[in-house]
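Structure file entry07.txt; described as compact mmCIF, C-alpha atoms.
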# COMPACT_ATOMS: atom_id res chain seq x y z
CA MET A 1 85.16 100.39 62.23
CA LYS A 2 82.94 103.32 62.94
CA GLU A 3 84.59 106.66 63.52
CA ASN A 4 83.59 109.16 66.18
CA VAL A 5 85.15 112.60 66.20
CA PHE A 6 84.86 114.92 69.17
CA ILE A 7 85.98 118.51 69.43
CA VAL A 8 86.08 119.63 73.05
CA HIS A 9 86.84 123.29 73.57
CA ARG A 10 85.51 126.21 75.60
CA SER A 11 85.57 128.47 72.59
CA GLU A 12 82.72 128.09 70.15
CA ILE A 13 84.75 129.89 67.49
CA ILE A 14 87.48 127.28 67.74
CA ARG A 15 85.06 124.36 67.85
CA ARG A 16 83.19 125.46 64.79
CA GLY A 17 86.33 126.50 62.95
CA LEU A 18 87.99 123.13 63.45
CA ALA A 19 84.83 121.33 62.44
CA LEU A 20 84.58 123.37 59.24
CA ILE A 21 88.19 122.70 58.30
CA LEU A 22 87.77 118.98 58.87
CA GLN A 23 84.49 118.73 57.05
CA ASP A 24 85.93 120.62 54.11
CA TYR A 25 88.12 117.68 53.52
CA PHE A 26 86.59 114.64 55.15
CA LYS A 27 83.13 113.26 55.26
CA MET A 28 82.76 112.88 59.02
CA GLU A 29 80.29 113.55 61.73
CA ILE A 30 81.69 115.69 64.49
CA THR A 31 80.37 116.12 68.01
CA GLN A 32 81.23 119.50 69.46
CA LEU A 33 81.33 119.83 73.23
CA ASN A 34 81.85 122.80 75.45
CA SER A 35 83.37 120.80 78.30
CA ALA A 36 85.11 117.45 78.72
CA LYS A 37 82.58 116.69 81.44
CA ASP A 38 80.01 115.94 78.75
CA LEU A 39 82.16 113.14 77.36
CA SER A 40 80.78 110.92 80.12
CA SER A 41 77.47 110.80 78.29
CA PHE A 42 79.09 108.95 75.41
CA SER A 43 80.53 106.11 77.46
CA GLY A 44 78.36 103.63 75.53
CA ILE A 45 80.42 103.91 72.33
CA ASN A 46 82.27 100.73 71.44
CA ASN A 47 84.23 99.14 68.61
CA SER A 48 84.96 102.54 67.14
CA ILE A 49 87.84 104.76 66.30
CA ILE A 50 87.48 107.78 68.56
CA ILE A 51 89.36 110.94 67.66
CA LEU A 52 89.32 113.51 70.42
CA ILE A 53 90.54 117.02 69.79
CA MET A 54 90.71 118.63 73.20
CA ASP A 55 91.51 121.97 74.69
CA ALA A 56 94.89 121.24 76.27
CA GLY A 57 94.30 123.92 78.88
CA GLY A 58 90.88 122.64 79.96
CA ASP A 59 89.66 119.77 82.10
CA GLN A 60 90.40 116.41 80.58
CA ASN A 61 87.93 113.99 82.17
CA SER A 62 90.37 111.09 82.15
CA LYS A 63 87.69 108.84 83.64
CA ALA A 64 85.52 109.10 80.53
CA ILE A 65 88.55 108.70 78.29
CA ASP A 66 89.66 105.58 80.13
CA GLN A 67 86.16 104.24 79.62
CA PHE A 68 86.47 104.92 75.88
CA LYS A 69 89.82 103.17 75.76
CA LYS A 70 88.35 99.97 77.09
CA ASN A 71 86.28 99.31 74.00
CA ASN A 72 87.70 101.55 71.29
CA ASP A 73 90.82 102.80 69.55
CA VAL A 74 91.27 106.27 70.99
CA TYR A 75 93.45 109.01 69.51
CA LEU A 76 93.97 112.09 71.64
CA ILE A 77 94.90 115.37 70.05
CA GLY A 78 95.81 118.24 72.36
CA PHE A 79 94.76 121.64 71.12
CA TYR A 80 97.09 124.33 72.44
CA SER A 81 96.67 128.05 72.36
CA GLU A 82 99.62 129.91 71.00
CA ASP A 83 101.04 131.07 74.32
CA GLU A 84 100.66 127.74 76.13
CA LYS A 85 103.85 125.91 76.79
CA GLN A 86 103.91 122.69 74.82
CA GLU A 87 105.51 119.94 76.75
CA PRO A 88 105.93 116.73 74.87
CA GLY A 89 102.62 115.27 75.94
CA ASN A 90 102.24 112.16 78.01
CA PHE A 91 98.49 112.61 77.92
CA PHE A 92 98.01 113.52 74.27
CA ASP A 93 99.11 111.43 71.31
CA TYR A 94 99.23 114.39 68.92
CA GLN A 95 99.27 118.17 69.08
CA LEU A 96 97.68 121.06 67.25
CA THR A 97 97.85 124.76 67.96
CA GLU A 98 95.76 127.75 67.08
CA LEU A 99 98.23 128.47 64.30
CA SER A 100 98.18 125.02 62.72
CA SER A 101 97.25 125.26 59.08
CA ALA A 102 94.23 123.52 57.60
CA LEU A 103 96.64 121.25 55.79
CA GLN A 104 98.37 120.19 59.01
CA ILE A 105 95.05 119.41 60.62
CA GLN A 106 93.91 117.35 57.68
CA LYS A 107 97.20 115.49 57.45
CA LEU A 108 96.96 114.57 61.10
CA VAL A 109 93.55 113.00 60.61
CA GLN A 110 94.90 111.04 57.65
CA ILE A 111 97.73 109.69 59.78
CA ILE A 112 95.27 108.64 62.46
CA ARG A 113 92.99 106.96 59.98
CA LYS A 114 95.91 105.03 58.56
CA ALA A 115 96.96 103.88 62.03
CA GLY A 116 93.37 102.88 62.71
CA SER A 117 93.00 100.81 59.55
CA LYS A 118 96.25 98.99 60.29
CA THR A 119 95.05 97.57 63.57
CA LYS A 120 91.78 96.67 61.92
CA ASN A 121 93.50 94.64 59.22
CA GLY A 122 95.66 92.91 61.78
CA MET A 123 92.51 91.69 63.46
CA GLN A 124 90.88 90.47 60.33
CA ASP A 125 93.24 87.69 59.35
CA ASN A 126 90.18 85.41 59.70
CA GLY A 127 89.74 85.78 63.47
CA GLU A 128 91.32 82.38 64.19
CA LEU A 129 93.94 82.21 66.91
CA THR A 130 97.48 81.54 65.77
CA LEU A 131 99.34 78.58 67.28
CA ARG A 132 101.39 80.95 69.39
CA GLU A 133 98.28 82.66 70.68
CA LYS A 134 96.88 79.27 71.61
CA ASP A 135 100.08 78.58 73.59
CA VAL A 136 99.64 81.88 75.40
CA ILE A 137 95.98 81.32 76.17
CA LYS A 138 96.79 77.90 77.66
CA LEU A 139 99.34 79.40 79.99
CA ILE A 140 97.02 82.25 80.96
CA ALA A 141 94.40 79.67 81.85
CA LEU A 142 96.90 77.78 83.95
CA GLY A 143 97.31 80.95 85.96
CA LEU A 144 100.76 82.07 84.83
CA SER A 145 101.78 85.72 84.96
CA ASN A 146 103.02 87.60 81.89
CA LYS A 147 106.57 87.23 83.14
CA GLU A 148 106.23 83.47 83.62
CA ILE A 149 104.65 83.08 80.19
CA ALA A 150 107.50 85.04 78.62
CA GLU A 151 110.09 82.80 80.27
CA LYS A 152 108.31 79.62 79.34
CA LEU A 153 107.90 80.54 75.67
CA PHE A 154 111.27 82.32 75.36
CA ILE A 155 109.70 85.58 74.25
CA SER A 156 109.74 89.07 75.75
CA ILE A 157 107.06 90.30 78.14
CA HIS A 158 106.23 92.91 75.55
CA THR A 159 105.42 90.17 73.04
CA VAL A 160 103.26 88.36 75.59
CA ILE A 161 101.28 91.53 76.19
CA SER A 162 100.81 92.04 72.48
CA HIS A 163 99.60 88.43 72.09
CA ARG A 164 97.13 88.97 74.91
CA LYS A 165 95.82 92.11 73.28
CA ASN A 166 95.29 90.27 69.98
CA ILE A 167 93.61 87.35 71.73
CA THR A 168 91.18 89.65 73.47
CA GLU A 169 90.41 91.46 70.23
CA LYS A 170 89.79 88.25 68.34
CA LEU A 171 87.68 86.52 70.98
CA GLY A 172 85.92 89.43 72.65
CA ILE A 173 86.97 88.02 76.02
CA LYS A 174 89.06 89.93 78.53
CA SER A 175 89.01 88.29 81.94
CA ILE A 176 91.35 85.46 82.86
CA SER A 177 88.47 83.25 83.90
CA GLY A 178 86.65 83.99 80.65
CA LEU A 179 89.74 82.98 78.68
CA THR A 180 90.03 79.83 80.77
CA VAL A 181 86.46 78.89 79.93
CA PHE A 182 87.19 79.52 76.26
CA ALA A 183 90.30 77.32 76.41
CA ILE A 184 88.36 74.45 77.93
CA MET A 185 85.38 74.81 75.62
CA ASN A 186 87.76 74.60 72.67
CA ASN A 187 89.82 71.72 74.01
CA LEU A 188 92.99 73.79 74.28
CA LEU A 189 93.11 72.60 77.83
CA ASP A 190 91.75 69.74 79.79
CA ILE A 191 89.47 70.56 82.66
CA GLU A 192 91.61 68.30 84.85
CA ASP A 193 94.57 70.64 84.34
CA ILE A 194 93.02 73.38 86.37
CA ASN A 195 91.28 73.67 89.64
CA PRO A 196 87.82 74.78 88.60
CA GLU A 197 87.05 76.13 92.03
CA GLU A 198 90.02 78.41 91.96
CA LEU A 199 90.36 79.60 88.44
CA ILE A 200 86.87 79.80 87.10
CA MET B 1 63.89 109.99 74.48
CA GLU B 2 62.16 113.11 75.72
CA LEU B 3 62.57 113.93 79.40
CA LEU B 4 59.70 113.47 81.84
CA HIS B 5 58.14 116.38 83.71
CA LYS B 6 56.06 116.87 86.85
CA GLU B 7 52.86 117.49 84.92
CA ASP B 8 53.15 114.39 82.71
CA LYS B 9 50.71 111.60 83.43
CA MET B 10 52.16 108.72 85.39
CA SER B 11 50.48 106.31 82.98
CA SER B 12 52.34 107.88 80.05
CA LEU B 13 55.63 107.30 81.84
CA ILE B 14 55.04 103.57 81.77
CA SER B 15 53.67 103.56 78.23
CA ARG B 16 56.79 105.34 77.07
CA ASN B 17 59.25 103.13 78.91
CA TYR B 18 57.99 99.95 80.53
CA ASN B 19 61.48 99.25 81.88
CA LEU B 20 60.60 101.82 84.55
CA LEU B 21 58.08 99.41 86.15
CA PRO B 22 60.50 98.01 88.74
CA VAL B 23 61.90 101.51 89.24
CA ILE B 24 58.59 103.00 90.33
CA ASN B 25 57.98 99.92 92.50
CA ARG B 26 61.15 100.77 94.40
CA PHE B 27 59.52 104.07 95.31
CA GLY B 28 56.47 102.20 96.57
CA ILE B 29 54.39 103.29 93.56
CA ARG B 30 52.04 100.66 92.13
CA LEU B 31 49.76 100.49 89.09
CA GLY B 32 46.25 101.94 88.73
CA PHE B 33 47.25 105.58 88.13
CA LYS B 34 43.98 106.79 86.59
CA GLU B 35 44.58 110.32 85.22
CA LYS B 36 47.00 111.39 87.91
CA THR B 37 50.19 113.29 87.08
CA ILE B 38 53.66 112.34 88.25
CA LYS B 39 53.52 115.15 90.78
CA GLU B 40 50.17 114.03 92.21
CA ILE B 41 51.23 110.42 92.56
CA CYS B 42 54.48 111.49 94.24
CA ASN B 43 52.56 113.67 96.68
CA ASP B 44 50.17 110.80 97.44
CA ASN B 45 53.14 108.58 98.25
CA LYS B 46 55.15 111.28 100.07
CA ILE B 47 57.96 111.14 97.54
CA ASP B 48 60.20 114.10 96.73
CA VAL B 49 59.16 114.73 93.12
CA ASP B 50 62.49 116.27 92.06
CA PHE B 51 64.25 113.19 93.32
CA PHE B 52 61.81 110.94 91.49
CA LEU B 53 62.29 112.84 88.22
CA ALA B 54 66.08 112.85 88.54
CA ILE B 55 65.98 109.06 88.81
CA VAL B 56 63.48 108.24 86.07
CA ASN B 57 65.09 110.71 83.67
CA THR B 58 68.49 109.14 84.22
CA TYR B 59 66.91 105.89 83.05
CA THR B 60 65.16 107.62 80.17
CA ASP B 61 68.04 109.55 78.65
CA GLU B 62 71.60 108.25 78.80
CA SER B 63 73.13 111.70 78.60
CA TYR B 64 70.90 113.23 81.26
CA PHE B 65 72.59 115.18 84.02
CA PRO B 66 70.18 116.68 86.55
CA GLU B 67 70.42 120.45 86.90
CA ALA B 68 71.89 121.76 90.11
CA GLU B 69 68.49 122.53 91.64
CA LEU B 70 67.41 118.96 91.07
CA LEU B 71 70.40 117.77 93.06
CA SER B 72 69.17 119.53 96.16
CA PHE B 73 67.51 116.42 97.61
CA SER B 74 69.33 114.51 100.29
CA PRO B 75 71.78 111.84 99.09
CA LEU B 76 70.38 109.71 101.89
CA LEU B 77 67.21 109.33 99.81
CA LEU B 78 69.33 108.20 96.94
CA ILE B 79 71.19 105.68 99.04
CA ASP B 80 67.91 104.17 100.18
CA TYR B 81 66.92 103.88 96.58
CA LEU B 82 70.22 102.26 95.57
CA LYS B 83 70.00 99.80 98.43
CA ASN B 84 66.51 98.84 97.31
CA THR B 85 67.89 98.28 93.83
CA HIS B 86 70.57 95.99 95.23
CA LYS B 87 67.90 93.98 97.01
CA TYR B 88 65.93 93.73 93.79
CA TYR B 89 69.00 92.31 92.03
CA ILE B 90 69.78 89.87 94.79
CA ASN B 91 66.28 88.67 95.56
CA TYR B 92 64.68 88.79 92.15
CA VAL B 93 66.97 89.25 89.12
CA LEU B 94 69.79 86.87 90.00
CA PRO B 95 67.45 84.04 91.04
CA LYS B 96 65.52 84.56 87.81
CA ILE B 97 68.68 84.34 85.69
CA GLU B 98 69.68 81.23 87.59
CA ARG B 99 66.30 79.63 86.99
CA LEU B 100 66.69 80.26 83.26
CA LEU B 101 70.22 78.89 83.37
CA ASN B 102 69.02 75.71 85.05
CA GLN B 103 66.28 75.31 82.45
CA LEU B 104 68.94 75.71 79.80
CA LEU B 105 71.16 73.09 81.40
CA SER B 106 68.34 70.60 81.70
CA SER B 107 67.44 71.15 78.03
CA CYS B 108 70.81 69.74 77.04
CA THR B 109 70.92 65.98 76.53
CA GLU B 110 74.46 65.25 75.34
CA ASN B 111 77.84 67.00 75.01
CA CYS B 112 76.90 69.45 77.70
CA SER B 113 80.40 70.29 78.88
CA SER B 114 80.39 73.74 77.22
CA LEU B 115 77.13 74.63 78.89
CA LYS B 116 78.51 73.45 82.21
CA MET B 117 81.51 75.71 81.75
CA ILE B 118 79.18 78.62 81.02
CA SER B 119 77.34 77.77 84.18
CA SER B 120 80.50 77.77 86.32
CA PHE B 121 81.56 81.05 84.76
CA TYR B 122 78.20 82.53 85.63
CA GLN B 123 78.66 81.41 89.23
CA LYS B 124 82.03 83.10 89.29
CA TYR B 125 80.50 86.28 87.92
CA LYS B 126 77.70 86.17 90.45
CA THR B 127 80.12 85.79 93.34
CA GLU B 128 82.04 88.87 92.22
CA LEU B 129 78.92 90.90 91.67
CA LEU B 130 77.62 90.04 95.15
CA LEU B 131 80.96 91.08 96.63
CA HIS B 132 80.76 94.37 94.81
CA LEU B 133 77.22 95.04 96.02
CA GLN B 134 78.28 94.10 99.52
CA LEU B 135 81.21 96.52 99.36
CA GLU B 136 78.84 99.33 98.45
CA ASP B 137 76.31 98.39 101.09
CA GLU B 138 78.85 97.96 103.87
CA LYS B 139 81.60 100.46 103.05
CA VAL B 140 80.68 103.03 100.43
CA PHE B 141 77.15 103.89 101.55
CA PRO B 142 77.99 104.11 105.26
CA TYR B 143 80.90 106.43 104.38
CA ILE B 144 78.56 108.71 102.45
CA ILE B 145 75.92 108.66 105.16
CA ASN B 146 78.52 109.55 107.74
CA LEU B 147 79.85 112.29 105.49
CA PHE B 148 76.46 113.94 105.24
CA GLU B 149 75.26 113.41 108.79
CA LYS B 150 78.43 114.16 110.72
CA ARG B 151 80.25 116.07 108.00
CA GLU B 152 83.41 114.09 108.61
CA LEU B 153 85.84 112.82 106.02
CA ASN B 154 87.30 109.32 106.18
CA ALA B 155 89.96 108.96 108.82
CA ASP B 156 92.27 107.20 106.37
CA GLY B 157 91.69 109.89 103.78
CA ALA B 158 90.08 107.58 101.21
CA SER B 159 87.73 109.66 99.11
CA ILE B 160 84.72 108.50 97.16
CA GLU B 161 86.76 108.18 93.99
CA VAL B 162 88.92 105.52 95.61
CA LEU B 163 85.97 103.67 97.10
CA GLU B 164 83.84 103.69 93.97
CA ASN B 165 86.34 102.49 91.45
CA GLU B 166 85.47 98.87 91.08
CA HIS B 167 82.56 98.71 88.66
CA THR B 168 84.75 97.62 85.82
CA ASN B 169 85.85 94.06 86.69
CA VAL B 170 82.30 93.00 87.18
CA GLU B 171 81.24 94.64 83.92
CA VAL B 172 84.02 92.87 82.02
CA LYS B 173 82.89 89.46 83.29
CA LEU B 174 79.31 89.99 82.20
CA SER B 175 80.49 91.07 78.77
CA ASP B 176 82.78 88.01 78.59
CA LEU B 177 79.88 85.77 79.55
CA LYS B 178 77.75 87.15 76.74
CA ASN B 179 80.55 86.86 74.21
CA LEU B 180 81.38 83.30 75.22
CA ILE B 181 77.79 82.39 74.44
CA ILE B 182 77.20 84.52 71.36
CA ARG B 183 80.52 83.95 69.66
CA HIS B 184 81.88 80.65 70.92
CA MET B 185 79.05 78.41 72.03
CA LYS B 186 78.54 75.00 70.43
CA PRO B 187 74.86 74.47 69.65
CA THR B 188 73.99 71.71 72.09
CA TYR B 189 71.11 73.51 73.72
CA GLU B 190 67.44 74.19 73.23
CA ASP B 191 66.98 77.48 71.34
CA ASN B 192 64.18 78.99 73.38
CA ALA B 193 65.86 78.24 76.68
CA MET B 194 69.08 79.80 75.42
CA ASN B 195 67.31 82.87 74.07
CA GLU B 196 65.53 83.50 77.33
CA PHE B 197 68.74 83.17 79.29
CA LEU B 198 70.64 85.45 76.94
CA MET B 199 67.88 88.05 76.84
CA ALA B 200 67.81 88.10 80.62
CA LEU B 201 71.57 88.79 80.59
CA PHE B 202 71.13 91.68 78.13
CA GLN B 203 68.33 93.14 80.22
CA PHE B 204 70.40 92.83 83.38
CA GLU B 205 73.38 94.47 81.72
CA ASN B 206 71.19 97.42 80.76
CA ASP B 207 69.84 97.65 84.29
CA LEU B 208 73.34 97.64 85.74
CA ASN B 209 74.46 100.35 83.32
CA ASP B 210 71.54 102.55 84.35
CA HIS B 211 72.27 101.84 87.97
CA ALA B 212 75.93 102.79 87.52
CA ARG B 213 74.87 105.98 85.76
CA ILE B 214 72.73 106.99 88.70
CA GLU B 215 75.71 106.45 90.96
CA ASP B 216 78.10 108.32 88.68
CA HIS B 217 75.89 111.18 87.52
CA ILE B 218 74.04 111.92 90.75
CA LEU B 219 75.45 110.34 93.89
CA ILE B 220 79.14 110.78 93.15
CA VAL B 221 78.54 114.35 91.99
CA GLN B 222 76.88 115.19 95.29
CA VAL B 223 79.57 113.49 97.34
CA LEU B 224 82.44 115.15 95.47
CA GLU B 225 80.85 118.54 96.11
CA LEU B 226 80.64 117.88 99.81
CA GLU B 227 84.15 116.44 100.02
CA LYS B 228 85.41 119.60 98.36
CA GLU B 229 83.44 121.76 100.75
CA LEU B 230 84.89 119.88 103.72
CA GLY B 231 88.38 120.53 102.45
CA LYS B 232 89.34 117.27 100.81

Please go through the file and, once you have read it, give me the structure as structure tokens.
Amino acid sequence: MKENVFIVHRSEIIRRGLALILQDYFKMEITQLNSAKDLSSFSGINNSIIILIMDAGGDQNSKAIDQFKKNNDVYLIGFYSEDEKQEPGNFFDYQLTELSSALQIQKLVQIIRKAGSKTKNGMQDNGELTLREKDVIKLIALGLSNKEIAEKLFISIHTVISHRKNITEKLGIKSISGLTVFAIMNNLLDIEDINPEELI
Amino acid sequence: MELLHKEDKMSSLISRNYNLLPVINRFGIRLGFKEKTIKEICNDNKIDVDFFLAIVNTYTDESYFPEAELLSFSPLLLIDYLKNTHKYYINYVLPKIERLLNQLLSSCTENCSSLKMISSFYQKYKTELLLHLQLEDEKVFPYIINLFEKRELNADGASIEVLENEHTNVEVKLSDLKNLIIRHMKPTYEDNAMNEFLMALFQFENDLNDHARIEDHILIVQVLELEKELGK
């Protein structure tokens, strides 16, 4: 997967400093932005790992970030100034401060890269659906909710959601009607089982 | 791509990016520019040249945000433009895609069930897209027009961010449609017919992205400013 690294901060000194520290250690291209507003221009990125180091005190442009999350693995790092109160973030996945050492910053990127490669490997077990995933896709196509699917297959809702995520990653199809079409095209389901007017 | 300026020749605009052909048509501009500049052609057609440049540059450069002074034109102009674009989709692009889809279907002689499923999925997509366009035409645009003419916020307090939040479902379906074909289609079709259909989908997806960018980068920016000014 391609990697995109953004540093978003009002201070040019901080932007450049962070970029230098990272590039000392990693071969990576880094986009430096003055304001989170400019993230909107990058909404076309897909199938990438996106690492965002952002000024925790600045605007966050959650709209652009949500857009990223649709098609990418996004890792958010909040960058705090020393006097800012650090609340355990619900917005950020990780934290750095002005006083973080170069080593801490580099370690953090390593952790993220490891997490990123894990999901990638999970996806690459030949791209075929597992039997369980086929069960789930059938029930999705029949119009069942996550809760109903969980009850029917005796698994937790959490597991259903994780199956759905894997299915979407493997097939490149997100919508229920798209998955229904896939199920029928691949004979997982008979067209008679569903009402084509309603579900497709 | 480099941004376009008032003094550039109109003919060079089209040579640089022929995808702008339907865009200039929406302004009432037609071919046969001779040596005229963008500014001259706009004057001839009584078009606000800043407005024209804001639009064509949004198509030209994905990261383009018009400077504040370029946003001084009335959003009502923009709404007219967007409505024209909707008409272009409804009256020209969608029928064209459907024609290609029908050609594709008739090119299939046996085992055509997959293609038929693709066709029903397209119909589903089209229905949703039309609903979305209708929502903009009948709810979102009138709200904005009212906002600028009467300077009144919505009675129920719904701001533009709430109204203009529904691009995504439609985008997902178009992407699903492409992936169903590219990744999962069984080859029971005629290649050229399929390629034409698929290329039309790609082109349309690009158009829609540009269209959404105009809404997000220009229209919504203007409306948010005014909502703020009116005390939202």

Please report as JSON, numbers by chain which residues of chain B come no farther than 12 Å from chain A, using only C-alpha atoms. {"B": [58, 61, 62, 63, 64, 65, 111, 112, 113, 114, 115, 116, 117, 118, 119, 120, 121, 122, 123, 124, 125, 126, 127, 128, 161, 165, 167, 168, 169, 170, 171, 172, 173, 174, 175, 176, 177, 178, 179, 180, 181, 182, 183, 184, 185, 186, 206, 209, 210, 212, 213, 216, 217, 221]}

Just the residues within 9 Å of Ser74 of chain B, please, counting only C-alpha atoms, with nothing from its chain fewer than 4 positions along; format it as a ChimeraX atom specification. /B:51,78,148

Selection as a list of chain:residue names: residues within 9 Å of (69.4, 116.4, 85.8), counting all atoms listed in the file: B:Leu53, B:Ala54, B:Ile55, B:Asn57, B:Thr58, B:Tyr64, B:Phe65, B:Pro66, B:Glu67, B:Ala68, B:Glu69, B:Leu70, B:Leu71, B:His217, B:Ile218

How far is it from atom CA of Tyr59 of chain B to atom CA of Phe202 of chain B, in Å with one decimal?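 Value for the atom CA of Tyr59 of chain B-atom CA of Phe202 of chain B distance: 15.6 Å.
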
Using atom CA of Leu22 of chain A and atom CA of Ala64 of chain A as the two end points, give the distance in Å to one decimal.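 Atom CA of Ala64 of chain A lies 23.9 Å from atom CA of Leu22 of chain A.
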
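For the pair atom CA of Ile145 of chain B and atom CA of Asn91 of chain B, the interatomic distance is 24.2 Å.
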
Show me the residues around (98.9, 86.2, 69.4) - criterion: an atom at most 9 Å away, all atoms listed in the file counted - as a PyMOL selection string. chain A and resi 129-137+159-167

Env of Val5 of chain A: 8 Å cut, atoms = all atoms listed in the file, seq-sep filter 5 positions within chain, self excluded. Answer as a PyMOL selection string. chain A and resi 28-31+50-53

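The smallest atom-to-atom distance between Val8 of chain A and any of A:Ile49, A:Ala36, A:Ile194, A:Leu139, using only C-alpha atoms, is found for A:Ala36.
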
Near Asp207 of chain B, counting all atoms listed in the file, which residues have an atom at most 12 Å away, once you skip same-chain residues fewer than 4 positions from it, shown as a PyMOL selection string? chain B and resi 19-20+22-23+58-60+85-86+88-89+93+171+200-203+211-214

Just write the chosen residues, C-alpha atoms, as a compact mmCIF listing (two decimals), in the coordinates of the input.
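out-v6.txt was written with the following content:
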# COMPACT_ATOMS: atom_id res chain seq x y z
CA ASN B 19 61.48 99.25 81.88
CA LEU B 20 60.60 101.82 84.55
CA PRO B 22 60.50 98.01 88.74
CA VAL B 23 61.90 101.51 89.24
CA THR B 58 68.49 109.14 84.22
CA TYR B 59 66.91 105.89 83.05
CA THR B 60 65.16 107.62 80.17
CA THR B 85 67.89 98.28 93.83
CA HIS B 86 70.57 95.99 95.23
CA TYR B 88 65.93 93.73 93.79
CA TYR B 89 69.00 92.31 92.03
CA VAL B 93 66.97 89.25 89.12
CA GLU B 171 81.24 94.64 83.92
CA ALA B 200 67.81 88.10 80.62
CA LEU B 201 71.57 88.79 80.59
CA PHE B 202 71.13 91.68 78.13
CA GLN B 203 68.33 93.14 80.22
CA HIS B 211 72.27 101.84 87.97
CA ALA B 212 75.93 102.79 87.52
CA ARG B 213 74.87 105.98 85.76
CA ILE B 214 72.73 106.99 88.70

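Look at Lys2 of chain A: the protein and nucleic acid residues within 10 Å of it, using only C-alpha atoms and passing over chain neighbours fewer than 4 places away, are Ile45, Asn46, Asn47, Ser48, Ile49, Ile50 and Asn72 of chain A.
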